[in-house]
Amino acid sequence: MEAYQEADFLAVLSRLILSADDPRSALPEVSRRLARELRLPFAVIEFDSVPGDERRVALPLRHRSRPGTLLVPADLPGPTLQRLRERVLPQLEMLLAVATEYKAMAEFVRTSRDELHDLASEQAGLRRVAVLVASGAPPADVLAGVVAEAAALLDADATRLMRYETAGSVVLAGYGKPGTETWLGRRFQVEGDVTEPVLRAFRPARVDSYNDRSGAFAALVRRDGYNASVAAPITVGGRLWGCLVVLWSRREPPPPGAEKRLAQFAKGVAATVANVESGASRARIVHDVEEGRRRFEHDVHDVVQQRLVSLGLELRAAEALVPDELDELKARLSHTVEGLTSVFEVLQEMTRGIHPAILTQSGLMPALRALARRSAVPVTISPGPEHRLPPSVEVAAYGVVCEVLAYVTEDAPHASSINVDVAITVDDAARREFLVVSVRDDGAGGADLAHGTELVGLTDWVEAHGGRLQISRPAGGATSLCIMIPTDIDSGRFDLALAGVD
């Protein structure tokens, strides 16, 4: 084949391989077209190492350090074999390597997106429960929040929070469809129950069907129309406290990975249970929530980011190997690499509210300025304090501004400007320092945060940090929100200050 014919032909092969869900499935058609183009009796491309025989010559292919094989007739003339080795094999190796990497990248992005969605849902649920605790909700309401969040996390029909005691497991909280019994106060023996491996071995367990299960728990499950369940242990202070059980009415087994997701959620629930039982201060609760968020950040920034960067570099290297005449293949690879950068935008949307790296590394003011640059509504940020503030203070202030900007952008698309003023003030009477953050729009967009449900969550979160939130909206005027947070929230003095409040 002439050079331009080879380029056109390889472009056709690249489309066949890269458009297939699995590169292996495209090999028969690629082999057929290769044989036709080279006028060979046959050609067979294998993804693995295959030996030749008296009828076929095996030409080795290498792709991503893996062995492959091109099988062609054994009676081909020497010049034809030489041309295959020198001009065709390198191009096939490049195509197989790119296709394999492309498939791996697509699978990784899909898996990462799903895992990050799960992590974001888990952390959001735990945060809502933490706000209940921090706002002084009764223990019964807190535990009710736990079981409701667990059901939402796994799309389950019912949830039971069970406390382990020597006489059996007792149900402390339950969630289910309206009109169903929650089994509050019921006691069950461990033997034969889904909780048995959980309580005996401290590990999650599942039951795919209760049709043939015996015992009081199984009988009650069948009576109330549930068919399958997953349970995970809750440990507090290194000892087994109890377990969390979720149930489904559908006839299918629990979804794949349900045990792992519930076990991870149960670890966060353990901190909530410890806080409820010990009457921990709000500062301790805030600290626990922030620790969970920091672990989430590690998963996002240190694990996913590094893998995506590695994939991008590998694809750029593959792109550099593609001849210039294969412009379509080059364009597809370039587009794929550029698409990796958009993954982080998706992550930011899915995990809105976690700490951005700039907040952790540079502080509140640089993080707010970066947030303003991304806002669809023009935002002006005051100079603010130059020194770093305690991490919990910076996180609380950043979270409030982030929520308010998102609310104004979504509900007041015609707002023309937002002003954010940040300052430090000292209350001489209390001899305490406060961070004061004011957010004010121009009144043109129609947003009314004062009448939105978002205000409840913002107020609870600010008060959990020992602060105050005020909001005003004169008739037809601009909305103004102001928060004051003590800067000594991370100190023991803050715990003592709140002791009388709780």
# chains A, B, ... in the order shown; residues from 1 in each chain; ligands from 1
call {"tool": "residues_around", "arguments": {"residues": "A:Arg32", "least_positions_apart": "6", "cutoff": "10 Å", "atoms": "only C-alpha atoms", "output": "list in words"}}
result
Leu40, Pro41, Phe42, Ala43, Val44 and Ile45 of chain A
call {"tool": "write_last_selection", "arguments": {"atoms": "C-alpha atoms", "output": "JSON list (two decimals), in the first residue's frame"}}
result
[["chain", "number", "residue", "atom", "x", "y", "z"],
["A", 40, "LEU", "CA", -4.28, -11.94, 1.78],
["A", 41, "PRO", "CA", -6.20, -15.22, 1.91],
["A", 42, "PHE", "CA", -6.85, -14.47, 5.57],
["A", 43, "ALA", "CA", -5.60, -12.44, 8.55],
["A", 44, "VAL", "CA", -6.48, -12.96, 12.21],
["A", 45, "ILE", "CA", -5.73, -10.47, 15.00]]
call {"tool": "residues_around", "arguments": {"residues": "A:Trp183", "least_positions_apart": "2", "cutoff": "7 Å", "atoms": "only C-alpha atoms", "output": "list in words"}}
result
Val171, Gly174, Glu181, Gly185 and Arg186 of chain A
call {"tool": "residues_around", "arguments": {"residues": "stretch 383-393 of chain A", "least_positions_apart": "3", "cutoff": "6 Å", "atoms": "only C-alpha atoms", "output": "NGL selection string"}}
result
:A and (363 or 396 or 422-423)
call {"tool": "residues_around", "arguments": {"residues": "stretch 12-27 of chain A", "least_positions_apart": "2", "cutoff": "9 Å", "atoms": "only C-alpha atoms", "output": "ChimeraX atom specification"}}
result
/A:7-10,29-34,44-47,92,95-96,98-100,102-103,328-329
call {"tool": "write_last_selection", "arguments": {"atoms": "N, CA, C and O atoms", "output": "mmCIF file, in the first residue's frame"}}
result
data_model
loop_
_atom_site.group_PDB
_atom_site.id
_atom_site.type_symbol
_atom_site.label_atom_id
_atom_site.label_comp_id
_atom_site.auth_asym_id
_atom_site.auth_seq_id
_atom_site.Cartn_x
_atom_site.Cartn_y
_atom_site.Cartn_z
ATOM 1 N N ALA A 7 -2.620 5.419 5.399
ATOM 2 C CA ALA A 7 -3.210 6.367 6.347
ATOM 3 C C ALA A 7 -4.729 6.281 6.337
ATOM 4 O O ALA A 7 -5.376 6.237 7.395
ATOM 5 N N ASP A 8 -5.333 6.251 5.137
ATOM 6 C CA ASP A 8 -6.793 6.142 5.058
ATOM 7 C C ASP A 8 -7.283 4.840 5.666
ATOM 8 O O ASP A 8 -8.297 4.805 6.388
ATOM 9 N N PHE A 9 -6.571 3.765 5.377
ATOM 10 C CA PHE A 9 -6.993 2.465 5.877
ATOM 11 C C PHE A 9 -6.889 2.407 7.401
ATOM 12 O O PHE A 9 -7.793 1.899 8.075
ATOM 13 N N LEU A 10 -5.789 2.926 7.951
ATOM 14 C CA LEU A 10 -5.632 2.913 9.402
ATOM 15 C C LEU A 10 -6.666 3.799 10.090
ATOM 16 O O LEU A 10 -7.094 3.514 11.211
ATOM 17 N N GLU A 29 -13.829 -8.018 12.478
ATOM 18 C CA GLU A 29 -14.058 -7.137 11.335
ATOM 19 C C GLU A 29 -12.753 -6.460 10.905
ATOM 20 O O GLU A 29 -12.486 -6.292 9.707
ATOM 21 N N VAL A 30 -11.942 -6.058 11.897
ATOM 22 C CA VAL A 30 -10.651 -5.450 11.569
ATOM 23 C C VAL A 30 -9.784 -6.449 10.805
ATOM 24 O O VAL A 30 -9.116 -6.102 9.818
ATOM 25 N N SER A 31 -9.782 -7.701 11.262
ATOM 26 C CA SER A 31 -8.988 -8.738 10.585
ATOM 27 C C SER A 31 -9.467 -8.949 9.147
ATOM 28 O O SER A 31 -8.661 -9.078 8.214
ATOM 29 N N ARG A 32 -10.789 -8.979 8.953
ATOM 30 C CA ARG A 32 -11.341 -9.191 7.613
ATOM 31 C C ARG A 32 -10.928 -8.061 6.671
ATOM 32 O O ARG A 32 -10.526 -8.290 5.528
ATOM 33 N N ARG A 33 -11.016 -6.812 7.166
ATOM 34 C CA ARG A 33 -10.673 -5.674 6.316
ATOM 35 C C ARG A 33 -9.169 -5.625 6.050
ATOM 36 O O ARG A 33 -8.742 -5.213 4.965
ATOM 37 N N LEU A 34 -8.366 -6.030 7.024
ATOM 38 C CA LEU A 34 -6.927 -6.061 6.822
ATOM 39 C C LEU A 34 -6.565 -7.057 5.721
ATOM 40 O O LEU A 34 -5.747 -6.767 4.827
ATOM 41 N N VAL A 44 -5.780 -12.841 10.924
ATOM 42 C CA VAL A 44 -6.485 -12.959 12.208
ATOM 43 C C VAL A 44 -5.690 -12.182 13.257
ATOM 44 O O VAL A 44 -4.495 -12.430 13.456
ATOM 45 N N ILE A 45 -6.352 -11.231 13.920
ATOM 46 C CA ILE A 45 -5.727 -10.474 15.004
ATOM 47 C C ILE A 45 -6.263 -11.015 16.328
ATOM 48 O O ILE A 45 -7.478 -11.065 16.532
ATOM 49 N N GLU A 46 -5.368 -11.406 17.209
ATOM 50 C CA GLU A 46 -5.726 -11.915 18.528
ATOM 51 C C GLU A 46 -5.210 -10.960 19.603
ATOM 52 O O GLU A 46 -4.117 -10.396 19.473
ATOM 53 N N PHE A 47 -5.986 -10.793 20.667
ATOM 54 C CA PHE A 47 -5.566 -9.937 21.770
ATOM 55 C C PHE A 47 -4.495 -10.599 22.623
ATOM 56 O O PHE A 47 -3.842 -9.946 23.422
ATOM 57 N N LEU A 92 -0.690 -1.407 13.970
ATOM 58 C CA LEU A 92 -1.663 -2.206 14.717
ATOM 59 C C LEU A 92 -1.374 -2.166 16.207
ATOM 60 O O LEU A 92 -2.296 -2.090 17.036
ATOM 61 N N LEU A 95 -2.651 1.110 17.548
ATOM 62 C CA LEU A 95 -4.110 1.138 17.637
ATOM 63 C C LEU A 95 -4.618 0.307 18.814
ATOM 64 O O LEU A 95 -5.521 0.724 19.545
ATOM 65 N N LEU A 96 -4.060 -0.888 19.005
ATOM 66 C CA LEU A 96 -4.496 -1.740 20.112
ATOM 67 C C LEU A 96 -4.160 -1.102 21.458
ATOM 68 O O LEU A 96 -4.943 -1.176 22.416
ATOM 69 N N VAL A 98 -3.835 2.155 22.127
ATOM 70 C CA VAL A 98 -4.739 3.285 22.336
ATOM 71 C C VAL A 98 -6.137 2.798 22.697
ATOM 72 O O VAL A 98 -6.790 3.323 23.614
ATOM 73 N N ALA A 99 -6.620 1.774 21.984
ATOM 74 C CA ALA A 99 -7.959 1.255 22.264
ATOM 75 C C ALA A 99 -8.056 0.705 23.671
ATOM 76 O O ALA A 99 -9.039 0.917 24.388
ATOM 77 N N THR A 100 -7.015 -0.019 24.096
ATOM 78 C CA THR A 100 -7.020 -0.592 25.439
ATOM 79 C C THR A 100 -7.006 0.505 26.495
ATOM 80 O O THR A 100 -7.734 0.447 27.499
ATOM 81 N N TYR A 102 -7.963 3.617 26.065
ATOM 82 C CA TYR A 102 -9.227 4.346 25.953
ATOM 83 C C TYR A 102 -10.329 3.629 26.732
ATOM 84 O O TYR A 102 -11.096 4.250 27.474
ATOM 85 N N LYS A 103 -10.384 2.323 26.601
ATOM 86 C CA LYS A 103 -11.375 1.534 27.328
ATOM 87 C C LYS A 103 -11.144 1.627 28.826
ATOM 88 O O LYS A 103 -12.089 1.789 29.611
ATOM 89 N N GLU A 328 -7.878 12.124 12.150
ATOM 90 C CA GLU A 328 -9.104 11.797 12.872
ATOM 91 C C GLU A 328 -8.802 11.103 14.191
ATOM 92 O O GLU A 328 -9.399 11.412 15.223
ATOM 93 N N LEU A 329 -7.861 10.169 14.168
ATOM 94 C CA LEU A 329 -7.479 9.486 15.402
ATOM 95 C C LEU A 329 -6.839 10.464 16.373
ATOM 96 O O LEU A 329 -7.122 10.439 17.579
#
call {"tool": "atom_distance", "arguments": {"atom1": "atom CA of A:Gly52", "atom2": "atom CA of A:Leu71"}}
result
7.2 Å
call {"tool": "closest_residue", "arguments": {"among": "A:Ala429, A:Met484, A:Ala266, A:Ala58", "to": "A:Val230", "atoms": "only C-alpha atoms"}}
result
A:Ala266
call {"tool": "closest_residue", "arguments": {"among": "A:Arg251, A:Arg160, A:His465, A:Arg39", "to": "A:Val147", "atoms": "only C-alpha atoms"}}
result
A:Arg160
call {"tool": "residues_around", "arguments": {"residues": "A:Ala263", "least_positions_apart": "4", "cutoff": "7 Å", "atoms": "only C-alpha atoms", "output": "VMD selection string"}}
result
chain A and resid 204 232 to 233 259 267
call {"tool": "atom_distance", "arguments": {"atom1": "atom CA of A:Thr425", "atom2": "atom CA of A:Asp442"}}
result
25.1 Å
call {"tool": "select_by_dssp", "arguments": {"residues": "stretch 120-161 of chain A", "states": "strand (DSSP E or B)", "output": "PyMOL selection string"}}
result
chain A and resi 158-161
call {"tool": "write_last_selection", "arguments": {"atoms": "C-alpha atoms", "output": "tab-separated table (two decimals), in the first residue's frame"}}
result
chain	number	residue	atom	x	y	z
A	158	ALA	CA	-37.03	0.27	55.56
A	159	THR	CA	-34.20	0.67	58.08
A	160	ARG	CA	-33.69	-0.53	61.66
A	161	LEU	CA	-31.11	0.74	64.16
call {"tool": "atom_distance", "arguments": {"atom1": "atom CA of A:Val404", "atom2": "atom CA of A:Cys482"}}
result
11.0 Å
call {"tool": "closest_residue", "arguments": {"among": "A:Ser169, A:Ser362, A:Ser416, A:Thr487", "to": "A:Arg431", "atoms": "only C-alpha atoms"}}
result
A:Thr487
call {"tool": "closest_residue", "arguments": {"among": "A:Tyr398, A:Asp224, A:Pro90, A:Gly242", "to": "A:Thr166", "atoms": "only C-alpha atoms"}}
result
A:Gly242
